[in-house]
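Undergrad: So that we are looking at the same thing, I have put the structure below in structure tokens.
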Amino acid sequence: MNSYVLSFQEIDRHKLMAVGGKGANLGELSRIEGTRVPEGFCITTEAYKKIINETPELDSLLEQLSLLKAEDRKKITEISGMIRRAIEGIIIPKDIEEEILHYLAKYGGNHAYAVRSSATAEDLPTASFAGQQDTYLNIKGKESVLKHISMCWASLFTDRAVTYRIRNNFGHSKVYLSVIVQRMVFPQASGIMFTADPISSNRRVSSIDASLGLGEALVSGLVNADIYKVREGIIVDKKVSTKKLAIYAIEEGGTEEREIEGEHQNRQTLTDDQILQLERMGRTIESYFGHPQDIEWCLYENKFYMVQSRPITTLYPISEVKDDKNHVYISFGHRQMMTEAMKPLGLTFYQEWMKRITGSEMPEMGGRLYMDMSRELASPFMSKFYLKSLVTVDILMQNALYNLMKRKAFVKNLYRGKTSKSDTSMWLKWGIDTIKVYRQNDPEIVKSLIAQNEAFIQSREVKFANLSGVELFDFILKDFEERKNTLFKGYGAVFAGAYASSWINKNMQKWLGEKNVADTLAQSVSNNITSEMGLELLDVADVVRQHPEVIEYLEHANDDTLFNDLMKLKGGKAVADSIKSYIKKYGMRCSAEIDITRTRWSEKPTILVPMILNNIKAFGPNAHSMKFEQGLQEAKQKEQEILNHLEKLPGGKRKVKKTKKMISVLRNFAGYREYNKYSLVSYFWIIKQALLKEADNLVQKGIIHEKEDIYYLTFLELQDVVKTNQLDYSLITKRKEEHEVFEKLTPPRVITSEGEVISGEYDTGNIPQGALAGVPVSSGIIEGRARVILRMEDADIEEGDILVTAYTDPSWTPVFISIKGLVTEVGGMMTHGAVVAREYGLPAVVSVEDATNLIKDGQRIRINGTEGYVELL
């Protein structure tokens, strides 16, 4: 027999599907020692299912609703209204009504009750659904209670609830409603307590909102609340608001607004003792649920009652620390130009790589990699050097850390750890190598480094092709050390190029008053694998443009049959050969490429098609050599121009000699900066192919359903599955669900071990009013049409467009060929997009917060890559 009603004492978290999120949380809350909860009961989802199932006309309406999108507002209103009217018109079946009245009599039929909705997709750790269904207060009498229960059921289909579900991919027929009937408390004060500060996300600070009367005035925005902040038993901040109104219950049922008398308007709602008592209760509740809580409370006869507790869903996840010290984490994704969530295999594979090559752990938070910089920031010497270096990576990250370093008490308690000898010796070696490379200034150094890396990659292609099973995993982990050695050999050349660029920019501004001169001087340098990648796609376009039939096919090319289809077309073989040749060299690349689970161009060559077609539209034949030559001439012209100016200055001969040397070092080594990443990604691609062979074996054995399932295992879990041929598949399902949640999160640049998100800001003093501030990374001013593009494969660019995107990594380089300027939300002077923009002579402004929302696709904008701002025209 179905149970249609359960008292709070009969409910725990396992009854979620019977009583919804709010009901389950109330049941748990009632079990916490020392926590008062007004008594009551839940009408279970079984009752809701019964009335829905016994009303056939609802089926077709729900079917119609399931086909709508969030934009179909008119239709949502129409169908939702019909469903609500149908539900409210249903007579509650006798057996359900009898159970409700039995419990109502038990708790006192003459009392007033709050009647509240509780959906099965509500107050969950990942989605709050807050305020999507209705609540009715001070309901008296059994007829009125029954009527409001029906109204609660119907409120599952308010316009806002339906739209919220559509946006969050919850099926309307899969969400069921329970109704809470809870004894009313008529409070002198009420409010909300967050056991983690909702503004800063600091887990050690509780934030309490308090107002007089019922909490409805606060929730509905009628009044400003007092706000109290408490940190570890101490009130650290108080904002007492003027309170002109409050909502109170009225004797015959319902509620009313009342004005507050003059002398009470500015009085603190809770005493200091009450604030601290409430905070302690909040911490007890948080400890019970194991997660920061958003708690509704009320004060009645000077006793606190808890009427709801739900997880705070807006906090960014943090890594647990094993000590009582402060830790500071910076987003590795912001440094690498990839702020999306990584899948477990890609994430843990990179963690293993970093652990073995640097000895450092990279904590995972919200599906992203972070770096613990506490040790560096705790050292007065290292922190100065480190903070200064961040200007080339991400200025908002740098400014956030400067803001944090002003907090002396926080810095004093920073984790210090120990500096490893290998760290020190590595930096020392790089320093010596940089001086050697600078002094020799020999372009053959780069050629030799590239040859060594290519020989290593070729040897590993052969080696990994012949390895499988446990032997493969053992070899991967051992081989990281070998790979590290070949990669690290090149850092002297990278730093020499960076030093020359910095020296030129600093001194030309000092001597000639010119900013960012190195941008022009670094155009068309040799050995820049990333800019070559963009130019060589122009060569592919030259082959394609000769064959109209192929162009027509590429407008709707098929992912799976691309090369087979091409072979059937006139000129198709030549085009297929050209694309294959390009992929052989660059096919390991893709967006966010350090994540080995991301789809490579080799795996989906059609990603390149829009860019090939854009190149045909935007350029004539032989554009590769023409663009390279143009950049080279501009660089030579700029060199001559500045040397002529320097000659006329005091000490001109000496300045000219030193500058010539620096320009030579810049042009010999600046291009090599991009090679290390290319070489590392080539290595990862070989390993990925070996892991996918293992995945194919697991599919054949029936251990996983499809080879991409391995992306949801950690690297060491995959090793174990390959070794044992055993896996509980529910782990894959759980991880896929987690990944979907992580994808929706926005990762902070800087976060502390207390969960506090630290923000940075710009100095906007020198920019025009209304302009968007950013970081200038490639000189010049350009006006054009903004193309707001979030995925490279969606790039529909015409010549003269300005690309506006969240970030660019090397995989975006082919798009740079067609654009006239670049704006990104993430980045700094030495990130890939900036380097390539300078190489191609494109004005670029990066780290423009929220650029992809503030700038509309198709809008005319002007970007100033010299001063660092974007104007909306």
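Chain labels follow the order of the structure tokens: the first chain is A, the next B, and so on; residue numbering restarts at 1 in every chain, and ligands are counted from 1 in their shown order.
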Could you pull the residues within 10 Å of Pro747 in chain A, counting only C-alpha atoms, minus those fewer than 3 positions along the same chain, as number ranges by chain?

TA: A: 316-317, 330-331, 333-334, 339-341, 365-370, 742-744, 750-751, 757

Undergrad: Based on the selection just made, write C-alpha atoms of those residues as a compact mmCIF listing (two decimals), in the first residue's frame.

TA:
```txt
# COMPACT_ATOMS: atom_id res chain seq x y z
CA TYR A 316 33.14 27.12 -6.65
CA PRO A 317 34.47 23.74 -5.36
CA ILE A 330 45.78 30.21 -9.35
CA SER A 331 43.92 28.87 -12.36
CA GLY A 333 43.53 27.14 -17.32
CA HIS A 334 43.83 30.94 -17.47
CA THR A 339 39.02 27.67 -19.07
CA GLU A 340 36.57 24.81 -19.82
CA ALA A 341 36.29 21.76 -17.58
CA MET A 365 38.79 22.05 -8.52
CA GLY A 366 35.55 22.01 -10.48
CA GLY A 367 37.10 19.92 -13.26
CA ARG A 368 39.97 22.41 -13.71
CA LEU A 369 43.64 22.38 -12.77
CA TYR A 370 44.99 24.86 -10.23
CA PHE A 742 31.53 21.31 -13.92
CA GLU A 743 31.05 22.54 -17.51
CA LYS A 744 28.55 25.14 -16.25
CA VAL A 750 42.52 33.14 -7.89
CA ILE A 751 40.90 31.24 -5.00
CA VAL A 757 37.44 34.11 -4.75
```

Undergrad: Name the residues in contact with Met338 in chain A at a cut-off of 10 Å, using only C-alpha atoms, excluding same-chain residues fewer than 2 positions from it; report them as a list in words.

TA: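 With the cut-off at 10 Å, the set is Ser331, Phe332, Gly333, His334, Arg335, Gln336, Glu340, Ala341, Met342, Arg368, Ser591, Ala592, Glu593, Ile594, Asp595, Ala806, Tyr807, Thr808, Asp809 and Val826 of chain A.
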
Undergrad: Can those selected residues be exported to a file as a short mmCIF file (atom, residue, chain, number, x, y, z; two decimals), in the first residue's frame so that it contains all heavy atoms?

TA:
```cif
data_model
loop_
_atom_site.label_atom_id
_atom_site.label_comp_id
_atom_site.auth_asym_id
_atom_site.auth_seq_id
_atom_site.Cartn_x
_atom_site.Cartn_y
_atom_site.Cartn_z
N SER A 331 44.48 29.71 -11.31
CA SER A 331 43.92 28.87 -12.36
C SER A 331 44.97 28.58 -13.44
O SER A 331 45.46 29.50 -14.09
CB SER A 331 42.72 29.58 -12.98
OG SER A 331 42.41 29.01 -14.24
N PHE A 332 45.30 27.31 -13.59
CA PHE A 332 46.23 26.90 -14.65
C PHE A 332 45.58 27.10 -16.02
O PHE A 332 46.25 27.42 -17.00
CB PHE A 332 46.61 25.43 -14.44
CG PHE A 332 47.65 24.93 -15.41
CD1 PHE A 332 48.94 25.44 -15.37
CD2 PHE A 332 47.35 23.96 -16.34
CE1 PHE A 332 49.92 24.98 -16.27
CE2 PHE A 332 48.31 23.50 -17.23
CZ PHE A 332 49.59 24.01 -17.19
N GLY A 333 44.26 26.95 -16.06
CA GLY A 333 43.53 27.14 -17.32
C GLY A 333 43.67 28.54 -17.88
O GLY A 333 43.79 28.74 -19.09
N HIS A 334 43.66 29.56 -17.00
CA HIS A 334 43.83 30.94 -17.47
C HIS A 334 45.23 31.15 -18.04
O HIS A 334 45.43 31.93 -18.95
CB HIS A 334 43.56 31.93 -16.33
CG HIS A 334 42.10 32.16 -16.08
ND1 HIS A 334 41.34 31.29 -15.32
CD2 HIS A 334 41.25 33.13 -16.52
CE1 HIS A 334 40.09 31.74 -15.29
NE2 HIS A 334 40.01 32.84 -16.00
N ARG A 335 46.20 30.42 -17.50
CA ARG A 335 47.57 30.52 -18.04
C ARG A 335 47.69 29.79 -19.37
O ARG A 335 48.48 30.15 -20.22
CB ARG A 335 48.58 29.92 -17.05
CG ARG A 335 48.66 30.66 -15.73
CD ARG A 335 49.74 30.05 -14.84
NE ARG A 335 51.05 30.19 -15.44
CZ ARG A 335 52.04 30.92 -14.94
NH1 ARG A 335 51.85 31.60 -13.84
NH2 ARG A 335 53.20 30.98 -15.54
N GLN A 336 46.91 28.73 -19.52
CA GLN A 336 47.01 27.88 -20.72
C GLN A 336 45.96 28.21 -21.78
O GLN A 336 45.88 27.53 -22.79
CB GLN A 336 46.85 26.40 -20.31
CG GLN A 336 48.10 25.79 -19.75
CD GLN A 336 49.21 25.67 -20.77
OE1 GLN A 336 48.99 25.36 -21.92
NE2 GLN A 336 50.43 25.94 -20.34
N GLU A 340 37.63 25.81 -19.96
CA GLU A 340 36.57 24.81 -19.82
C GLU A 340 37.00 23.67 -18.90
O GLU A 340 38.19 23.47 -18.68
CB GLU A 340 36.20 24.19 -21.18
CG GLU A 340 35.72 25.18 -22.21
CD GLU A 340 36.68 25.26 -23.36
OE1 GLU A 340 37.90 25.37 -23.08
OE2 GLU A 340 36.25 25.23 -24.51
N ALA A 341 36.01 22.92 -18.43
CA ALA A 341 36.29 21.76 -17.58
C ALA A 341 36.98 20.67 -18.40
O ALA A 341 36.67 20.48 -19.57
CB ALA A 341 34.99 21.21 -17.00
N MET A 342 37.92 19.97 -17.77
CA MET A 342 38.60 18.84 -18.40
C MET A 342 37.93 17.55 -17.93
O MET A 342 37.44 17.46 -16.80
CB MET A 342 40.08 18.82 -18.00
CG MET A 342 40.87 20.03 -18.48
SD MET A 342 42.53 20.12 -17.72
CE MET A 342 43.43 18.87 -18.63
N ARG A 368 38.85 21.62 -13.16
CA ARG A 368 39.97 22.41 -13.71
C ARG A 368 41.22 22.22 -12.87
O ARG A 368 41.13 21.85 -11.70
CB ARG A 368 39.64 23.91 -13.70
CG ARG A 368 38.81 24.40 -14.88
CD ARG A 368 37.38 24.40 -14.55
NE ARG A 368 36.54 24.98 -15.59
CZ ARG A 368 35.23 24.84 -15.62
NH1 ARG A 368 34.60 24.15 -14.68
NH2 ARG A 368 34.51 25.38 -16.58
N SER A 591 41.65 22.73 -29.90
CA SER A 591 41.44 23.70 -28.82
C SER A 591 41.66 23.00 -27.48
O SER A 591 41.30 21.84 -27.33
CB SER A 591 40.01 24.22 -28.94
OG SER A 591 39.77 25.15 -27.93
N ALA A 592 42.25 23.72 -26.51
CA ALA A 592 42.52 23.17 -25.16
C ALA A 592 43.31 21.87 -25.25
O ALA A 592 42.98 20.86 -24.63
CB ALA A 592 41.21 22.95 -24.40
N GLU A 593 44.41 21.91 -26.00
CA GLU A 593 45.08 20.67 -26.45
C GLU A 593 45.87 19.93 -25.38
O GLU A 593 46.21 18.76 -25.60
CB GLU A 593 45.98 20.98 -27.65
CG GLU A 593 47.02 22.04 -27.39
CD GLU A 593 47.61 22.66 -28.67
OE1 GLU A 593 47.17 22.31 -29.77
OE2 GLU A 593 48.52 23.48 -28.54
N ILE A 594 46.14 20.53 -24.23
CA ILE A 594 46.85 19.74 -23.20
C ILE A 594 45.93 18.70 -22.57
O ILE A 594 46.39 17.82 -21.85
CB ILE A 594 47.50 20.62 -22.10
CG1 ILE A 594 46.44 21.35 -21.28
CG2 ILE A 594 48.55 21.56 -22.67
CD1 ILE A 594 46.91 21.84 -19.94
N ASP A 595 44.62 18.82 -22.83
CA ASP A 595 43.66 17.81 -22.37
C ASP A 595 43.59 16.72 -23.45
O ASP A 595 43.05 16.93 -24.53
CB ASP A 595 42.29 18.48 -22.18
CG ASP A 595 41.19 17.49 -21.78
OD1 ASP A 595 41.47 16.28 -21.70
OD2 ASP A 595 40.05 17.94 -21.56
N ALA A 806 36.50 34.01 -26.09
CA ALA A 806 36.86 33.84 -24.68
C ALA A 806 38.38 33.75 -24.53
O ALA A 806 38.99 34.38 -23.67
CB ALA A 806 36.19 32.61 -24.11
N TYR A 807 39.00 32.92 -25.36
CA TYR A 807 40.46 32.77 -25.33
C TYR A 807 40.89 32.17 -26.65
O TYR A 807 40.08 31.60 -27.39
CB TYR A 807 40.92 31.87 -24.17
CG TYR A 807 40.40 30.47 -24.27
CD1 TYR A 807 41.03 29.53 -25.09
CD2 TYR A 807 39.28 30.05 -23.56
CE1 TYR A 807 40.54 28.24 -25.20
CE2 TYR A 807 38.79 28.77 -23.67
CZ TYR A 807 39.43 27.87 -24.50
OH TYR A 807 38.95 26.59 -24.62
N THR A 808 42.17 32.30 -26.96
CA THR A 808 42.70 31.60 -28.14
C THR A 808 43.95 30.84 -27.71
O THR A 808 44.75 31.34 -26.93
CB THR A 808 43.09 32.56 -29.27
OG1 THR A 808 44.14 33.42 -28.81
CG2 THR A 808 41.92 33.40 -29.73
N ASP A 809 44.06 29.62 -28.21
CA ASP A 809 45.29 28.86 -28.03
C ASP A 809 45.86 28.61 -29.43
O ASP A 809 45.30 29.11 -30.41
CB ASP A 809 45.03 27.59 -27.22
CG ASP A 809 43.99 26.69 -27.87
OD1 ASP A 809 43.64 26.92 -29.04
OD2 ASP A 809 43.52 25.74 -27.20
N VAL A 826 40.62 36.32 -21.83
CA VAL A 826 41.70 35.75 -21.02
C VAL A 826 43.01 35.97 -21.76
O VAL A 826 43.03 35.93 -22.98
CB VAL A 826 41.47 34.23 -20.81
CG1 VAL A 826 42.60 33.60 -20.05
CG2 VAL A 826 40.15 33.98 -20.08
#
```

Undergrad: Do you know which residues are at most 9 Å from Val609 in chain A counting only C-alpha atoms, after dropping those on the same chain fewer than 2 positions away, and could you put them as a compact mmCIF listing (two decimals) with N, CA and C atoms, in the first residue's frame?

TA:
```txt
# COMPACT_ATOMS: atom_id res chain seq x y z
N LEU A 554 32.61 20.86 -49.87
CA LEU A 554 33.11 21.25 -48.54
C LEU A 554 32.12 22.13 -47.78
N GLU A 555 31.21 22.79 -48.47
CA GLU A 555 30.18 23.60 -47.79
C GLU A 555 29.32 22.72 -46.87
N ALA A 557 30.46 19.25 -45.89
CA ALA A 557 31.30 18.04 -45.81
C ALA A 557 30.86 17.12 -44.68
N PRO A 605 38.88 16.01 -39.21
CA PRO A 605 39.48 17.00 -40.13
C PRO A 605 38.53 18.09 -40.58
N THR A 606 37.21 17.83 -40.50
CA THR A 606 36.25 18.85 -40.97
C THR A 606 36.29 20.13 -40.11
N ILE A 607 36.92 20.06 -38.93
CA ILE A 607 37.10 21.28 -38.12
C ILE A 607 37.84 22.35 -38.94
N MET A 611 37.76 27.22 -42.07
CA MET A 611 38.92 28.12 -42.23
C MET A 611 39.49 28.06 -43.64
N ILE A 612 39.49 26.86 -44.24
CA ILE A 612 39.96 26.73 -45.63
C ILE A 612 39.05 27.56 -46.55
N LEU A 613 37.73 27.44 -46.35
CA LEU A 613 36.78 28.19 -47.18
C LEU A 613 36.89 29.70 -46.94
N ASN A 614 37.11 30.10 -45.67
CA ASN A 614 37.33 31.53 -45.37
C ASN A 614 38.56 32.05 -46.11
N GLU A 793 35.48 26.01 -34.79
CA GLU A 793 34.81 25.42 -35.97
C GLU A 793 33.60 26.23 -36.42
```

Undergrad: Hey, which of A:Leu156, A:Met151, A:Met17, A:Val181 ends up closest to Ile43 in chain A? Count only C-alpha atoms.

TA: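 Smallest distance to Ile43 in chain A is found for A:Val181.
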
Undergrad: Show me, as number ranges by chain, the residues that have an atom within 10 Å of range 500-509 of chain A when counting only C-alpha atoms, minus same-chain residues fewer than 5 positions from it.

TA: A: 438, 495, 514-519, 521-522, 642, 646, 655, 658-667, 669-670

Undergrad: Selected residues, N, CA, C and O atoms, written as a short mmCIF file (atom, residue, chain, number, x, y, z; two decimals), in the first residue's frame, please.

TA:
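Generated file (again-v9.cif):
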```cif
data_model
loop_
_atom_site.label_atom_id
_atom_site.label_comp_id
_atom_site.auth_asym_id
_atom_site.auth_seq_id
_atom_site.Cartn_x
_atom_site.Cartn_y
_atom_site.Cartn_z
N TYR A 438 72.13 33.59 -25.51
CA TYR A 438 72.17 35.03 -25.83
C TYR A 438 73.55 35.40 -26.37
O TYR A 438 73.66 36.12 -27.36
N PHE A 495 63.80 31.75 -23.29
CA PHE A 495 64.03 32.90 -22.40
C PHE A 495 64.89 33.98 -23.07
O PHE A 495 64.70 35.17 -22.82
N GLU A 514 58.46 55.24 -27.93
CA GLU A 514 57.60 54.33 -28.70
C GLU A 514 57.26 53.10 -27.88
O GLU A 514 58.15 52.47 -27.30
N LYS A 515 55.97 52.73 -27.88
CA LYS A 515 55.54 51.56 -27.10
C LYS A 515 55.56 50.30 -27.95
O LYS A 515 55.22 50.34 -29.13
N ASN A 516 55.90 49.17 -27.31
CA ASN A 516 55.75 47.83 -27.91
C ASN A 516 56.37 47.69 -29.30
O ASN A 516 55.79 47.09 -30.21
N VAL A 517 57.57 48.23 -29.48
CA VAL A 517 58.26 48.18 -30.78
C VAL A 517 58.55 46.74 -31.19
O VAL A 517 58.51 46.39 -32.38
N ALA A 518 58.80 45.86 -30.19
CA ALA A 518 59.15 44.46 -30.50
C ALA A 518 58.02 43.75 -31.26
O ALA A 518 58.28 42.78 -31.98
N ASP A 519 56.79 44.24 -31.11
CA ASP A 519 55.67 43.61 -31.83
C ASP A 519 55.93 43.59 -33.33
O ASP A 519 55.73 42.57 -34.00
N LEU A 521 58.89 44.21 -34.84
CA LEU A 521 60.20 43.59 -35.15
C LEU A 521 60.12 42.06 -35.16
O LEU A 521 60.94 41.39 -35.77
N ALA A 522 59.09 41.50 -34.46
CA ALA A 522 58.98 40.02 -34.36
C ALA A 522 58.11 39.43 -35.48
O ALA A 522 57.86 38.24 -35.49
N ILE A 642 64.15 52.65 -36.44
CA ILE A 642 64.58 52.91 -35.06
C ILE A 642 66.10 53.08 -34.96
O ILE A 642 66.59 53.89 -34.18
N LEU A 646 67.98 56.22 -33.36
CA LEU A 646 68.92 56.04 -32.24
C LEU A 646 70.27 56.68 -32.52
O LEU A 646 70.92 57.23 -31.63
N LYS A 655 74.11 52.73 -28.50
CA LYS A 655 72.70 52.31 -28.47
C LYS A 655 72.34 51.49 -29.71
O LYS A 655 71.62 50.50 -29.63
N LYS A 658 73.95 47.91 -29.43
CA LYS A 658 73.24 47.05 -28.47
C LYS A 658 71.86 46.66 -29.03
O LYS A 658 71.45 45.50 -28.95
N THR A 659 71.16 47.62 -29.65
CA THR A 659 69.81 47.35 -30.18
C THR A 659 69.88 46.36 -31.33
O THR A 659 69.03 45.47 -31.44
N LYS A 660 70.89 46.52 -32.21
CA LYS A 660 71.06 45.58 -33.33
C LYS A 660 71.21 44.15 -32.80
O LYS A 660 70.60 43.21 -33.32
N LYS A 661 72.02 44.01 -31.76
CA LYS A 661 72.23 42.67 -31.18
C LYS A 661 70.89 42.12 -30.64
O LYS A 661 70.55 40.96 -30.87
N MET A 662 70.14 42.99 -29.95
CA MET A 662 68.87 42.55 -29.36
C MET A 662 67.86 42.16 -30.45
O MET A 662 67.13 41.18 -30.31
N ILE A 663 67.82 42.92 -31.53
CA ILE A 663 66.88 42.60 -32.62
C ILE A 663 67.27 41.26 -33.24
O ILE A 663 66.42 40.42 -33.55
N SER A 664 68.59 41.04 -33.37
CA SER A 664 69.07 39.77 -33.93
C SER A 664 68.68 38.60 -33.02
O SER A 664 68.19 37.57 -33.49
N VAL A 665 68.85 38.76 -31.70
CA VAL A 665 68.48 37.71 -30.73
C VAL A 665 66.97 37.46 -30.81
O VAL A 665 66.51 36.32 -30.85
N LEU A 666 66.20 38.56 -30.89
CA LEU A 666 64.75 38.44 -30.97
C LEU A 666 64.35 37.62 -32.19
O LEU A 666 63.58 36.67 -32.10
N ARG A 667 64.92 37.95 -33.35
CA ARG A 667 64.50 37.28 -34.59
C ARG A 667 65.03 35.85 -34.68
O ARG A 667 64.42 35.00 -35.32
N PHE A 669 65.35 33.80 -31.96
CA PHE A 669 64.82 32.90 -30.93
C PHE A 669 63.34 33.09 -30.58
O PHE A 669 62.74 32.22 -29.95
N ALA A 670 62.74 34.24 -30.97
CA ALA A 670 61.33 34.49 -30.58
C ALA A 670 60.41 33.40 -31.13
O ALA A 670 59.44 33.01 -30.48
#
```

Undergrad: Here is a test: counting only C-alpha atoms, which residue of A:Lys701, A:Val230, A:Ala210, A:Ile450 is nearest to Lys243 in chain A?

TA: A:Ala210

Undergrad: Any idea what's packed within 10 Å of Ile435 in chain A, counting only C-alpha atoms, ignoring anything in its chain fewer than 4 positions away? Could you give it as a list in words?

TA: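 Within the cut-off, the hits are Trp430, Gly431, Arg439, Gln440, Asn441, Gly492, Ala493, Phe495 and Ala496 of chain A.
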
Undergrad: Go ahead and save the residues from that selection, with all heavy atoms, as a PDB file, in the first residue's frame.

TA:
```pdb
ATOM      1  N   TRP A 430      68.482  26.843 -16.330  1.00  0.00           N
ATOM      2  CA  TRP A 430      67.842  27.656 -17.377  1.00  0.00           C
ATOM      3  C   TRP A 430      68.509  29.030 -17.484  1.00  0.00           C
ATOM      4  O   TRP A 430      68.665  29.558 -18.581  1.00  0.00           O
ATOM      5  CB  TRP A 430      66.342  27.824 -17.085  1.00  0.00           C
ATOM      6  CG  TRP A 430      65.554  26.586 -17.353  1.00  0.00           C
ATOM      7  CD1 TRP A 430      65.937  25.499 -18.078  1.00  0.00           C
ATOM      8  CD2 TRP A 430      64.231  26.298 -16.891  1.00  0.00           C
ATOM      9  NE1 TRP A 430      64.952  24.552 -18.102  1.00  0.00           N
ATOM     10  CE2 TRP A 430      63.872  25.009 -17.383  1.00  0.00           C
ATOM     11  CE3 TRP A 430      63.298  26.990 -16.122  1.00  0.00           C
ATOM     12  CZ2 TRP A 430      62.648  24.418 -17.127  1.00  0.00           C
ATOM     13  CZ3 TRP A 430      62.066  26.395 -15.871  1.00  0.00           C
ATOM     14  CH2 TRP A 430      61.745  25.130 -16.355  1.00  0.00           C
ATOM     15  N   GLY A 431      68.873  29.591 -16.312  1.00  0.00           N
ATOM     16  CA  GLY A 431      69.540  30.902 -16.313  1.00  0.00           C
ATOM     17  C   GLY A 431      70.862  30.844 -17.067  1.00  0.00           C
ATOM     18  O   GLY A 431      71.157  31.705 -17.912  1.00  0.00           O
ATOM     19  N   ARG A 439      74.579  34.907 -25.706  1.00  0.00           N
ATOM     20  CA  ARG A 439      75.945  35.265 -26.130  1.00  0.00           C
ATOM     21  C   ARG A 439      76.268  34.693 -27.508  1.00  0.00           C
ATOM     22  O   ARG A 439      76.848  35.375 -28.354  1.00  0.00           O
ATOM     23  CB  ARG A 439      76.969  34.777 -25.099  1.00  0.00           C
ATOM     24  CG  ARG A 439      77.005  35.671 -23.865  1.00  0.00           C
ATOM     25  CD  ARG A 439      78.074  35.221 -22.896  1.00  0.00           C
ATOM     26  NE  ARG A 439      78.170  36.128 -21.765  1.00  0.00           N
ATOM     27  CZ  ARG A 439      78.671  35.804 -20.585  1.00  0.00           C
ATOM     28  NH1 ARG A 439      79.118  34.567 -20.380  1.00  0.00           N
ATOM     29  NH2 ARG A 439      78.749  36.685 -19.614  1.00  0.00           N
ATOM     30  N   GLN A 440      75.907  33.423 -27.710  1.00  0.00           N
ATOM     31  CA  GLN A 440      76.230  32.781 -29.003  1.00  0.00           C
ATOM     32  C   GLN A 440      75.388  33.366 -30.128  1.00  0.00           C
ATOM     33  O   GLN A 440      75.865  33.529 -31.250  1.00  0.00           O
ATOM     34  CB  GLN A 440      75.980  31.265 -28.912  1.00  0.00           C
ATOM     35  CG  GLN A 440      77.009  30.541 -28.071  1.00  0.00           C
ATOM     36  CD  GLN A 440      76.635  29.068 -27.859  1.00  0.00           C
ATOM     37  OE1 GLN A 440      75.610  28.608 -28.336  1.00  0.00           O
ATOM     38  NE2 GLN A 440      77.478  28.347 -27.151  1.00  0.00           N
ATOM     39  N   ASN A 441      74.106  33.641 -29.825  1.00  0.00           N
ATOM     40  CA  ASN A 441      73.177  34.220 -30.801  1.00  0.00           C
ATOM     41  C   ASN A 441      73.284  33.529 -32.168  1.00  0.00           C
ATOM     42  O   ASN A 441      73.419  34.181 -33.201  1.00  0.00           O
ATOM     43  CB  ASN A 441      73.428  35.734 -30.926  1.00  0.00           C
ATOM     44  CG  ASN A 441      72.329  36.424 -31.723  1.00  0.00           C
ATOM     45  OD1 ASN A 441      71.224  35.907 -31.827  1.00  0.00           O
ATOM     46  ND2 ASN A 441      72.647  37.567 -32.305  1.00  0.00           N
ATOM     47  N   GLY A 492      66.450  27.770 -22.634  1.00  0.00           N
ATOM     48  CA  GLY A 492      67.422  28.864 -22.787  1.00  0.00           C
ATOM     49  C   GLY A 492      67.080  29.718 -23.997  1.00  0.00           C
ATOM     50  O   GLY A 492      67.099  30.955 -23.941  1.00  0.00           O
ATOM     51  N   ALA A 493      66.716  29.048 -25.117  1.00  0.00           N
ATOM     52  CA  ALA A 493      66.353  29.768 -26.348  1.00  0.00           C
ATOM     53  C   ALA A 493      65.054  30.551 -26.149  1.00  0.00           C
ATOM     54  O   ALA A 493      64.927  31.695 -26.600  1.00  0.00           O
ATOM     55  CB  ALA A 493      66.207  28.777 -27.502  1.00  0.00           C
ATOM     56  N   PHE A 495      63.803  31.750 -23.285  1.00  0.00           N
ATOM     57  CA  PHE A 495      64.030  32.900 -22.401  1.00  0.00           C
ATOM     58  C   PHE A 495      64.886  33.977 -23.067  1.00  0.00           C
ATOM     59  O   PHE A 495      64.696  35.166 -22.816  1.00  0.00           O
ATOM     60  CB  PHE A 495      64.667  32.454 -21.076  1.00  0.00           C
ATOM     61  CG  PHE A 495      63.761  31.597 -20.229  1.00  0.00           C
ATOM     62  CD1 PHE A 495      64.267  30.583 -19.423  1.00  0.00           C
ATOM     63  CD2 PHE A 495      62.393  31.798 -20.228  1.00  0.00           C
ATOM     64  CE1 PHE A 495      63.431  29.792 -18.652  1.00  0.00           C
ATOM     65  CE2 PHE A 495      61.546  31.011 -19.457  1.00  0.00           C
ATOM     66  CZ  PHE A 495      62.073  30.007 -18.656  1.00  0.00           C
ATOM     67  N   ALA A 496      65.819  33.561 -23.922  1.00  0.00           N
ATOM     68  CA  ALA A 496      66.654  34.548 -24.622  1.00  0.00           C
ATOM     69  C   ALA A 496      65.781  35.422 -25.522  1.00  0.00           C
ATOM     70  O   ALA A 496      65.929  36.656 -25.555  1.00  0.00           O
ATOM     71  CB  ALA A 496      67.726  33.839 -25.445  1.00  0.00           C
TER      72      ALA A 496
END
```

Undergrad: Excluding Gln859 in chain A and residues on its chain fewer than 5 positions from it, collect all residues at most 9 Å away from it, counting only C-alpha atoms, and give them as a list in words.

TA: Gly784, Arg785, Ala786, Arg787, Leu872 and Leu873 of chain A
